[in-house]
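Participant: Let me give you the structure first, and then I'll get to my questions.
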Amino acid sequence: MPVDIPAGAPATMGEAFAHINALDKPTVDQLKVMVLLEAAGQELYRQTATGTDNAEVIALLEHNGREEMAHAHRVAKAIRAISGEDYLPPAAADNPYLAGPLPSAKLTAAGLRGLAQSEVAGEVLYEKWATNIGNEEAAKLFRQNGKEEVEHGDRLIEAAALLEA
Ligand SMILES: [Fe+2]
Ligand SMILES: [Fe+2]
């Protein structure tokens, strides 16, 4: 069953990303939006990977995708640490942000390099949240996600180079 978009959160994925990226210290409801976006990341990477036959590029994109779902689980754990509430990442079919308009999944080297920059910006965001959240376990989980966002950026740069080879 599709899950509801958290109270007060934007209705579309693009707006939800903009909303989340502007936060210095997320509330629990805002962290739920992050759970949905990270979980959707796996499906977005899967769709992007359908744009190429290059097996190495596909493997890099799917590796990032699996980790986005792991990030969703870590944010869910952070919610539990902060509020005691259970909020589990939904499967793609139940994710409300995947039912609306999605960012273009067109696969080009330039597109992957742009995405790499968003991934690196994700590390900056998680580090800011870790600093401000006031919960040691949540901060640790955010920093682990942030470290992997940098690795996602590196994989995308690698994938872009493979597309151009
Ligand atoms: Fe992520
Ligand atoms: Fe990522």
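In the structure tokens, chains take the letters A, B, ... in the order shown, each chain's residues start at 1, and ligands count up from 1 in the order shown.
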Using only C-alpha atoms and all ligand atoms, which residues have at least one atom no more than 8 Å from ligand 1? Output them as a PyMOL selection string.
Facilitator: chain A and resi 38+41+67-72+119+122+145-146+148-149
Participant: Could you list, as a CSV table (one decimal) with N, CA and C atoms, in the first residue's frame, all residues that come within 12 Å of ligand 2? Count only C-alpha atoms and all ligand atoms.
Facilitator:
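Result went into out.csv, see below:
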chain,number,residue,atom,x,y,z
A,34,MET,N,13.2,12.5,3.9
A,34,MET,CA,14.5,12.0,3.5
A,34,MET,C,14.5,10.5,3.3
A,37,LEU,N,13.0,9.9,0.0
A,37,LEU,CA,13.8,10.3,-1.1
A,37,LEU,C,15.0,9.3,-1.3
A,38,GLU,N,15.6,9.0,-0.2
A,38,GLU,CA,16.7,8.0,-0.3
A,38,GLU,C,16.2,6.7,-0.8
A,39,ALA,N,15.1,6.2,-0.4
A,39,ALA,CA,14.5,4.9,-0.9
A,39,ALA,C,14.2,5.0,-2.3
A,40,ALA,N,13.7,6.2,-2.8
A,40,ALA,CA,13.4,6.4,-4.2
A,40,ALA,C,14.7,6.4,-5.0
A,41,GLY,N,15.8,6.8,-4.4
A,41,GLY,CA,17.1,6.8,-5.1
A,41,GLY,C,17.4,5.5,-5.7
A,42,GLN,N,17.1,4.4,-5.1
A,42,GLN,CA,17.4,3.1,-5.7
A,42,GLN,C,16.7,2.9,-7.0
A,44,LEU,N,15.5,5.3,-8.9
A,44,LEU,CA,16.0,6.3,-9.9
A,44,LEU,C,17.3,5.8,-10.5
A,45,TYR,N,18.2,5.2,-9.7
A,45,TYR,CA,19.4,4.7,-10.3
A,45,TYR,C,19.1,3.5,-11.2
A,60,LEU,N,28.0,0.1,-11.6
A,60,LEU,CA,28.3,1.3,-10.8
A,60,LEU,C,27.0,2.0,-10.3
A,61,LEU,N,26.1,2.1,-11.3
A,61,LEU,CA,24.8,2.8,-10.9
A,61,LEU,C,24.0,2.0,-10.0
A,62,GLU,N,24.0,0.7,-10.2
A,62,GLU,CA,23.2,-0.2,-9.3
A,62,GLU,C,23.8,-0.3,-7.9
A,63,HIS,N,25.2,-0.2,-7.8
A,63,HIS,CA,25.8,-0.2,-6.5
A,63,HIS,C,25.4,1.1,-5.8
A,64,ASN,N,25.4,2.2,-6.4
A,64,ASN,CA,24.9,3.5,-5.8
A,64,ASN,C,23.5,3.3,-5.3
A,65,GLY,N,22.7,2.7,-6.2
A,65,GLY,CA,21.2,2.5,-5.9
A,65,GLY,C,21.0,1.7,-4.6
A,66,ARG,N,21.7,0.6,-4.5
A,66,ARG,CA,21.6,-0.3,-3.3
A,66,ARG,C,21.9,0.5,-2.1
A,67,GLU,N,23.0,1.3,-2.2
A,67,GLU,CA,23.4,2.1,-1.0
A,67,GLU,C,22.4,3.2,-0.7
A,68,GLU,N,21.7,3.8,-1.7
A,68,GLU,CA,20.6,4.7,-1.4
A,68,GLU,C,19.5,4.1,-0.5
A,69,MET,N,19.2,2.9,-0.8
A,69,MET,CA,18.2,2.2,0.1
A,69,MET,C,18.8,2.0,1.5
A,70,ALA,N,20.1,1.6,1.5
A,70,ALA,CA,20.7,1.5,2.9
A,70,ALA,C,20.7,2.8,3.6
A,71,HIS,N,20.9,3.9,2.9
A,71,HIS,CA,20.8,5.3,3.5
A,71,HIS,C,19.4,5.5,4.1
A,72,ALA,N,18.4,5.1,3.3
A,72,ALA,CA,17.0,5.2,3.8
A,72,ALA,C,16.8,4.5,5.1
A,115,LEU,N,25.1,14.8,-11.7
A,115,LEU,CA,24.6,14.0,-10.6
A,115,LEU,C,25.7,13.8,-9.5
A,116,ALA,N,27.0,13.7,-10.0
A,116,ALA,CA,28.1,13.5,-9.0
A,116,ALA,C,28.2,14.7,-8.1
A,117,GLN,N,27.9,15.9,-8.7
A,117,GLN,CA,28.0,17.1,-7.8
A,117,GLN,C,26.8,17.1,-6.8
A,118,SER,N,25.7,16.6,-7.2
A,118,SER,CA,24.6,16.5,-6.2
A,118,SER,C,24.9,15.5,-5.1
A,119,GLU,N,25.6,14.5,-5.4
A,119,GLU,CA,26.0,13.5,-4.4
A,119,GLU,C,27.0,14.1,-3.4
A,120,VAL,N,27.9,14.8,-3.9
A,120,VAL,CA,28.9,15.5,-3.0
A,120,VAL,C,28.2,16.5,-2.2
A,121,ALA,N,27.2,17.2,-2.7
A,121,ALA,CA,26.4,18.2,-1.9
A,121,ALA,C,25.7,17.4,-0.8
A,122,GLY,N,25.3,16.2,-1.1
A,122,GLY,CA,24.6,15.3,-0.1
A,122,GLY,C,25.5,15.1,1.1
A,123,GLU,N,26.8,15.0,0.9
A,123,GLU,CA,27.7,14.8,2.0
A,123,GLU,C,27.7,16.1,2.9
A,124,VAL,N,27.7,17.2,2.3
A,124,VAL,CA,27.8,18.5,3.0
A,124,VAL,C,26.5,18.6,3.8
A,125,LEU,N,25.4,18.2,3.2
A,125,LEU,CA,24.1,18.3,4.0
A,125,LEU,C,24.1,17.4,5.2
A,126,TYR,N,24.5,16.1,5.0
A,126,TYR,CA,24.5,15.2,6.1
A,126,TYR,C,25.4,15.6,7.2
A,144,GLN,N,27.9,8.4,8.3
A,144,GLN,CA,28.1,7.3,7.4
A,144,GLN,C,27.5,7.4,6.1
A,145,ASN,N,26.2,7.9,6.0
A,145,ASN,CA,25.6,8.2,4.8
A,145,ASN,C,26.4,9.2,3.9
A,146,GLY,N,26.8,10.3,4.6
A,146,GLY,CA,27.6,11.3,3.9
A,146,GLY,C,28.8,10.8,3.3
A,147,LYS,N,29.6,10.0,4.0
A,147,LYS,CA,30.8,9.4,3.5
A,147,LYS,C,30.5,8.6,2.2
A,148,GLU,N,29.4,7.9,2.2
A,148,GLU,CA,29.0,7.1,1.0
A,148,GLU,C,28.5,8.0,-0.1
A,149,GLU,N,27.9,9.1,0.2
A,149,GLU,CA,27.5,10.0,-0.9
A,149,GLU,C,28.8,10.5,-1.7
A,150,VAL,N,29.9,10.7,-1.0
A,150,VAL,CA,31.1,11.1,-1.7
A,150,VAL,C,31.5,9.9,-2.7
A,151,GLU,N,31.4,8.7,-2.1
A,151,GLU,CA,31.8,7.5,-3.0
A,151,GLU,C,30.8,7.4,-4.2
A,152,HIS,N,29.6,7.8,-4.0
A,152,HIS,CA,28.6,7.8,-5.1
A,152,HIS,C,29.1,8.7,-6.2
A,153,GLY,N,29.6,9.9,-5.7
A,153,GLY,CA,30.1,10.9,-6.7
A,153,GLY,C,31.3,10.3,-7.5
A,154,ASP,N,32.2,9.7,-6.7
A,154,ASP,CA,33.3,9.1,-7.4
A,154,ASP,C,32.9,8.0,-8.4
A,155,ARG,N,31.9,7.2,-8.1
A,155,ARG,CA,31.5,6.2,-9.0
A,155,ARG,C,30.8,6.8,-10.3
A,156,LEU,N,30.1,7.9,-10.1
A,156,LEU,CA,29.5,8.6,-11.2
A,156,LEU,C,30.5,9.2,-12.2
Participant: Check the smallest atom-to-atom distance from each of A:Ala130, A:Leu36, A:Ile79, A:Leu23 to Tyr97 (chain A) using only C-alpha atoms, then report the winner.
Facilitator: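 Between A:Ala130, A:Leu36, A:Ile79, A:Leu23, the residue approaching Tyr97 (chain A) most closely is A:Leu36.
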Participant: If you run DSSP on the backbone here, which positions in chain A get alpha helix (DSSP H)? Please write them as a PyMOL selection string.
Facilitator: chain A and resi 13-21+28-49+55-83+96-99+109-132+136-164
